[in-house]
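One file, my_file-v1.tsv, carrying TSV, C-alpha atoms:
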```tsv
chain	number	residue	atom	x	y	z
A	1338	MET	CA	8.82	5.86	11.44
A	1339	ASP	CA	7.73	5.18	7.86
A	1340	GLU	CA	7.51	8.80	6.59
A	1341	VAL	CA	5.01	9.64	9.35
A	1342	SER	CA	5.64	12.09	12.18
A	1343	GLN	CA	5.69	10.96	15.79
A	1344	LYS	CA	2.33	12.68	16.24
A	1345	PRO	CA	0.57	11.66	13.02
A	1346	THR	CA	-2.29	13.77	11.71
A	1347	VAL	CA	-5.46	12.40	10.16
A	1348	GLU	CA	-4.07	13.27	6.73
A	1349	GLU	CA	-0.77	11.49	7.37
A	1350	ILE	CA	-2.57	8.38	8.63
A	1351	ALA	CA	-4.99	8.38	5.69
A	1352	LYS	CA	-1.98	8.38	3.32
A	1353	ALA	CA	0.26	6.02	5.30
A	1354	LEU	CA	-2.17	3.12	5.70
A	1355	PRO	CA	-2.89	2.46	2.00
A	1356	ALA	CA	0.74	3.27	1.11
A	1357	LYS	CA	1.98	0.54	3.45
A	1358	PHE	CA	-0.99	-1.81	2.85
A	1359	PRO	CA	-2.57	-1.35	-0.60
A	1360	CYS	CA	-5.41	-3.65	0.49
A	1361	VAL	CA	-6.57	-1.09	3.11
A	1362	GLN	CA	-9.30	1.24	1.91
A	1363	VAL	CA	-9.68	4.54	3.77
A	1364	THR	CA	-13.43	5.15	3.50
A	1365	LYS	CA	-13.63	8.57	5.12
A	1366	THR	CA	-11.90	10.98	7.45
A	1367	GLY	CA	-13.18	13.53	9.89
A	1368	VAL	CA	-11.99	15.67	12.73
A	1369	ARG	CA	-9.53	13.40	14.58
A	1370	ARG	CA	-11.00	10.26	12.95
A	1371	VAL	CA	-9.92	7.89	10.18
A	1372	HIS	CA	-12.28	5.16	8.94
A	1373	ALA	CA	-10.87	2.24	6.97
A	1374	LYS	CA	-11.80	-1.23	5.73
A	1375	VAL	CA	-9.23	-3.99	6.17
A	1376	PRO	CA	-9.32	-7.51	4.69
A	1377	ARG	CA	-9.43	-9.97	7.58
A	1378	GLU	CA	-6.21	-11.73	6.57
A	1379	HIS	CA	-4.35	-8.41	7.08
A	1380	ILE	CA	-5.88	-7.14	10.33
A	1381	PHE	CA	-3.03	-8.28	12.57
A	1382	ALA	CA	-0.30	-6.77	10.38
A	1383	VAL	CA	-2.22	-3.51	9.95
A	1384	CYS	CA	-2.83	-3.23	13.70
A	1385	LYS	CA	0.81	-4.02	14.47
A	1386	TYR	CA	1.88	-1.24	12.10
A	1387	ILE	CA	-0.62	1.20	13.65
A	1388	HIS	CA	0.65	0.37	17.13
A	1389	ASP	CA	4.37	0.33	16.39
A	1390	ASN	CA	4.69	3.06	13.76
A	1391	LEU	CA	1.74	5.41	14.34
A	1392	THR	CA	1.90	5.28	18.16
A	1393	PHE	CA	-1.67	4.16	18.77
A	1394	GLU	CA	-1.31	2.79	22.26
A	1395	HIS	CA	-4.91	1.93	23.07
A	1396	CYS	CA	-7.50	-0.42	21.58
A	1397	SER	CA	-10.68	1.24	22.83
A	1398	ILE	CA	-13.25	-1.08	21.28
A	1399	VAL	CA	-13.56	-4.38	19.47
A	1400	MET	CA	-17.17	-5.18	18.61
A	1401	GLY	CA	-19.20	-7.35	16.30
A	1402	ILE	CA	-21.97	-6.51	13.86
A	1403	ASP	CA	-24.34	-9.08	12.38
A	1404	TYR	CA	-25.42	-8.28	8.82
A	1405	ILE	CA	-27.14	-11.68	8.43
A	1406	ASP	CA	-25.18	-12.64	5.27
A	1407	HIS	CA	-21.83	-11.80	6.95
A	1408	MET	CA	-20.47	-10.34	10.15
A	1409	SER	CA	-18.01	-7.56	10.79
A	1410	THR	CA	-15.64	-6.65	13.55
A	1411	VAL	CA	-14.99	-3.01	14.27
A	1412	TYR	CA	-11.86	-1.84	16.05
A	1413	ILE	CA	-11.45	1.66	17.44
A	1414	LEU	CA	-7.82	2.48	18.12
A	1415	THR	CA	-6.78	5.61	19.97
A	1416	ASN	CA	-3.68	7.79	20.03
A	1417	TYR	CA	-3.68	9.66	23.34
A	1418	TYR	CA	-1.05	12.19	22.22
A	1419	THR	CA	-3.04	13.49	19.28
A	1420	GLY	CA	-6.62	12.55	20.18
A	1421	VAL	CA	-6.96	10.81	16.82
A	1422	ALA	CA	-8.93	7.57	16.56
A	1423	ILE	CA	-8.79	5.00	13.77
A	1424	GLU	CA	-11.89	2.90	13.12
A	1425	LEU	CA	-11.09	-0.31	11.27
A	1426	THR	CA	-13.84	-2.52	9.87
A	1427	VAL	CA	-13.22	-6.14	8.90
A	1428	ASP	CA	-15.87	-8.15	7.02
A	1429	ILE	CA	-16.07	-11.83	7.94
A	1430	PRO	CA	-17.98	-14.41	5.86
A	1431	ALA	CA	-20.89	-16.08	7.68
A	1432	ASP	CA	-19.53	-19.55	6.94
A	1433	ASP	CA	-16.05	-18.87	8.40
A	1434	LEU	CA	-16.27	-16.59	11.44
A	1435	HIS	CA	-12.54	-16.39	12.15
A	1436	VAL	CA	-10.29	-13.34	12.47
A	1437	ASP	CA	-6.88	-12.90	14.09
A	1438	SER	CA	-6.76	-11.70	17.67
A	1439	VAL	CA	-5.14	-8.32	18.32
A	1440	THR	CA	-4.65	-9.14	22.00
A	1441	PRO	CA	-0.91	-9.81	21.43
A	1442	ILE	CA	-0.65	-6.15	20.33
A	1443	TRP	CA	-3.01	-4.55	22.87
A	1444	GLU	CA	-3.63	-6.68	25.95
A	1445	GLY	CA	-6.75	-4.63	26.67
A	1446	ALA	CA	-8.39	-6.13	23.58
A	1447	ASN	CA	-8.60	-9.44	25.47
A	1448	TRP	CA	-11.94	-8.72	27.15
A	1449	HIS	CA	-13.44	-7.03	24.08
A	1450	GLU	CA	-12.65	-10.05	21.92
A	1451	ARG	CA	-13.98	-12.47	24.52
A	1452	GLU	CA	-17.25	-10.54	24.75
A	1453	THR	CA	-17.57	-10.35	20.96
A	1454	TRP	CA	-16.97	-14.11	20.66
A	1455	GLU	CA	-19.46	-14.84	23.42
A	1456	LEU	CA	-22.25	-12.69	22.00
A	1457	PHE	CA	-21.70	-13.11	18.23
A	1458	GLY	CA	-19.64	-16.29	17.84
A	1459	ILE	CA	-16.78	-14.56	16.03
A	1460	VAL	CA	-13.65	-16.60	16.76
A	1461	PHE	CA	-10.46	-14.64	17.44
A	1462	ASP	CA	-7.64	-16.93	16.38
A	1463	ASN	CA	-4.58	-17.00	18.67
A	1464	HIS	CA	-6.53	-15.42	21.54
A	1465	PRO	CA	-4.95	-16.46	24.86
A	1466	LYS	CA	-8.20	-17.38	26.65
A	1467	LEU	CA	-11.30	-17.30	24.48
A	1468	GLU	CA	-14.03	-18.25	26.94
A	1469	ARG	CA	-17.34	-16.87	28.17
A	1470	LEU	CA	-17.52	-13.82	30.45
A	1471	LEU	CA	-21.21	-12.98	30.79
A	1472	THR	CA	-23.28	-16.07	30.03
A	1473	PRO	CA	-23.17	-19.55	31.56
A	1474	LYS	CA	-20.53	-21.89	30.16
A	1475	THR	CA	-23.35	-24.26	29.13
A	1476	TYR	CA	-24.75	-21.81	26.54
A	1477	GLU	CA	-24.44	-23.17	23.02
A	1478	PHE	CA	-25.79	-20.10	21.22
A	1479	PHE	CA	-24.79	-16.51	20.62
A	1480	PRO	CA	-27.49	-14.09	21.86
A	1481	PHE	CA	-26.55	-11.05	19.75
A	1482	ARG	CA	-26.93	-12.85	16.44
A	1483	LYS	CA	-29.95	-11.80	14.44
A	1484	SER	CA	-30.79	-15.49	13.99
A	1485	TYR	CA	-31.20	-15.90	17.77
A	1486	LYS	CA	-34.86	-15.92	18.81
A	1487	LEU	CA	-35.96	-15.22	22.35
A	1488	ARG	CA	-38.07	-17.96	23.87
A	1489	GLY	CA	-41.77	-17.18	23.62
A	1490	TRP	CA	-41.30	-14.53	20.92
A	1491	GLU	CA	-42.45	-15.10	17.38
```

Please rewrite the model in this file as structure tokens.
Amino acid sequence: MDEVSQKPTVEEIAKALPAKFPCVQVTKTGVRRVHAKVPREHIFAVCKYIHDNLTFEHCSIVMGIDYIDHMSTVYILTNYYTGVAIELTVDIPADDLHVDSVTPIWEGANWHERETWELFGIVFDNHPKLERLLTPKTYEFFPFRKSYKLRGWE
């Protein structure tokens, strides 16, 4: 492993991520938690490193956030051996809602990414089956976007 123990601590992770990827910004740390911002063009490589070198075997959450002028995806990755979680945030411009899928790294991310695409319209490039789970296939809108207006509501 790249100068990191087999059971990495929060401090080791907070040093290792920006050392390996200078574009990653660790924004804060806490008890068993590391928060970091990742440029979208690096999310796959960063996640692959976290999985392969820091032994984070579970992608607990992939979710979207609509900030009106841009969207974000948030990934919560878990290491069962240490109880440490890494929260990665990726900003995505409103006019290009694409980010790489992490499903090839963690197969469990498949459903999270599908749900995020379905509700927010964030496209996960290289996803094996990006299709609707919850809403009818005929829907042409994304109900969790702030721009979506419920019928009959002003």

Segment 1472-1487 of chain A environment, 12 Å, only C-alpha atoms, sequence neighbours closer than 2 positions dropped, as a JSON list (two decimals) with C-alpha atoms, in the frame of the given file:
```
[["chain", "number", "residue", "atom", "x", "y", "z"],
["A", 1400, "MET", "CA", -17.17, -5.18, 18.61],
["A", 1401, "GLY", "CA", -19.20, -7.35, 16.30],
["A", 1402, "ILE", "CA", -21.97, -6.51, 13.86],
["A", 1403, "ASP", "CA", -24.34, -9.08, 12.38],
["A", 1404, "TYR", "CA", -25.42, -8.28, 8.82],
["A", 1405, "ILE", "CA", -27.14, -11.68, 8.43],
["A", 1406, "ASP", "CA", -25.18, -12.64, 5.27],
["A", 1407, "HIS", "CA", -21.83, -11.80, 6.95],
["A", 1408, "MET", "CA", -20.47, -10.34, 10.15],
["A", 1409, "SER", "CA", -18.01, -7.56, 10.79],
["A", 1431, "ALA", "CA", -20.89, -16.08, 7.68],
["A", 1451, "ARG", "CA", -13.98, -12.47, 24.52],
["A", 1452, "GLU", "CA", -17.25, -10.54, 24.75],
["A", 1453, "THR", "CA", -17.57, -10.35, 20.96],
["A", 1454, "TRP", "CA", -16.97, -14.11, 20.66],
["A", 1455, "GLU", "CA", -19.46, -14.84, 23.42],
["A", 1456, "LEU", "CA", -22.25, -12.69, 22.00],
["A", 1457, "PHE", "CA", -21.70, -13.11, 18.23],
["A", 1458, "GLY", "CA", -19.64, -16.29, 17.84],
["A", 1459, "ILE", "CA", -16.78, -14.56, 16.03],
["A", 1460, "VAL", "CA", -13.65, -16.60, 16.76],
["A", 1467, "LEU", "CA", -11.30, -17.30, 24.48],
["A", 1468, "GLU", "CA", -14.03, -18.25, 26.94],
["A", 1469, "ARG", "CA", -17.34, -16.87, 28.17],
["A", 1470, "LEU", "CA", -17.52, -13.82, 30.45],
["A", 1489, "GLY", "CA", -41.77, -17.18, 23.62],
["A", 1490, "TRP", "CA", -41.30, -14.53, 20.92],
["A", 1491, "GLU", "CA", -42.45, -15.10, 17.38]]
```

Legend entry - Among listed residues A:Val1368, A:Cys1396, A:Leu1414, A:Ile1423, nearest Leu1354 of chain A (using all atoms listed in the file):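 Among the listed residues, A:Ile1423 lies closest to Leu1354 of chain A.
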
Inset, instruction - Do a neighbour search on His1388 of chain A at 10 Å with all atoms listed in the file, toss out local chain neighbours closer than 5 positions, and write the hits as a list in words. - result: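 Once the nearby chain positions are removed, what remains is Ala1382, Val1383, Phe1393, Glu1394, His1395, Cys1396, Leu1414, Thr1415, Asn1416, Ile1442 and Trp1443 of chain A.
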
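Omitting Pro1441 of chain A and its sequence neighbours fewer than 5 positions away, and counting all atoms listed in the file, the residues within 10 Å are Phe1381, Lys1385, Ala1446, Asn1447, Asn1463, His1464 and Pro1465 of chain A.
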
Inset, instruction - For Tyr1418 of chain A, please output as a list in words all residues within 12 Å (counting only C-alpha atoms; exclusion window: fewer than 4 positions along the same chain). - result: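 The neighbour list is Gln1343, Lys1344, Pro1345, Thr1346, Arg1369, Leu1391, Thr1392, Phe1393, Glu1394, His1395 and Ala1422 of chain A.
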
Legend entry - For atom CA of Cys1360 of chain A and atom CA of His1449 of chain A, the interatomic separation in Å (one decimal):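 Answer for the atom CA of Cys1360 of chain A to atom CA of His1449 of chain A separation: 25.1 Å.
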
Legend entry - Residue nearest Ile1429 of chain A - candidates A:Val1361, A:Val1371, A:Ile1387, A:Ile1380, atoms counted: only C-alpha atoms: A:Ile1380

Legend entry - Gap from atom CA of Val1399 of chain A to atom CA of Lys1374 of chain A - Å, one decimal: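 Going from atom CA of Val1399 of chain A over to atom CA of Lys1374 of chain A, I get 14.2 Å.
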
Legend entry - Between atom CA of Thr1419 of chain A and atom CA of Ala1353 of chain A - distance in Å to one decimal: 16.2 Å

Legend entry - Counting all atoms listed in the file, the residue of A:Leu1425, A:Val1341, A:Val1436, A:Cys1384 that sits nearest Val1363 of chain A: A:Leu1425

Legend entry - Selected residue of minimal separation from Phe1461 of chain A among A:Leu1434, A:Glu1378, A:Glu1444, A:Tyr1386, counting all atoms listed in the file: A:Leu1434
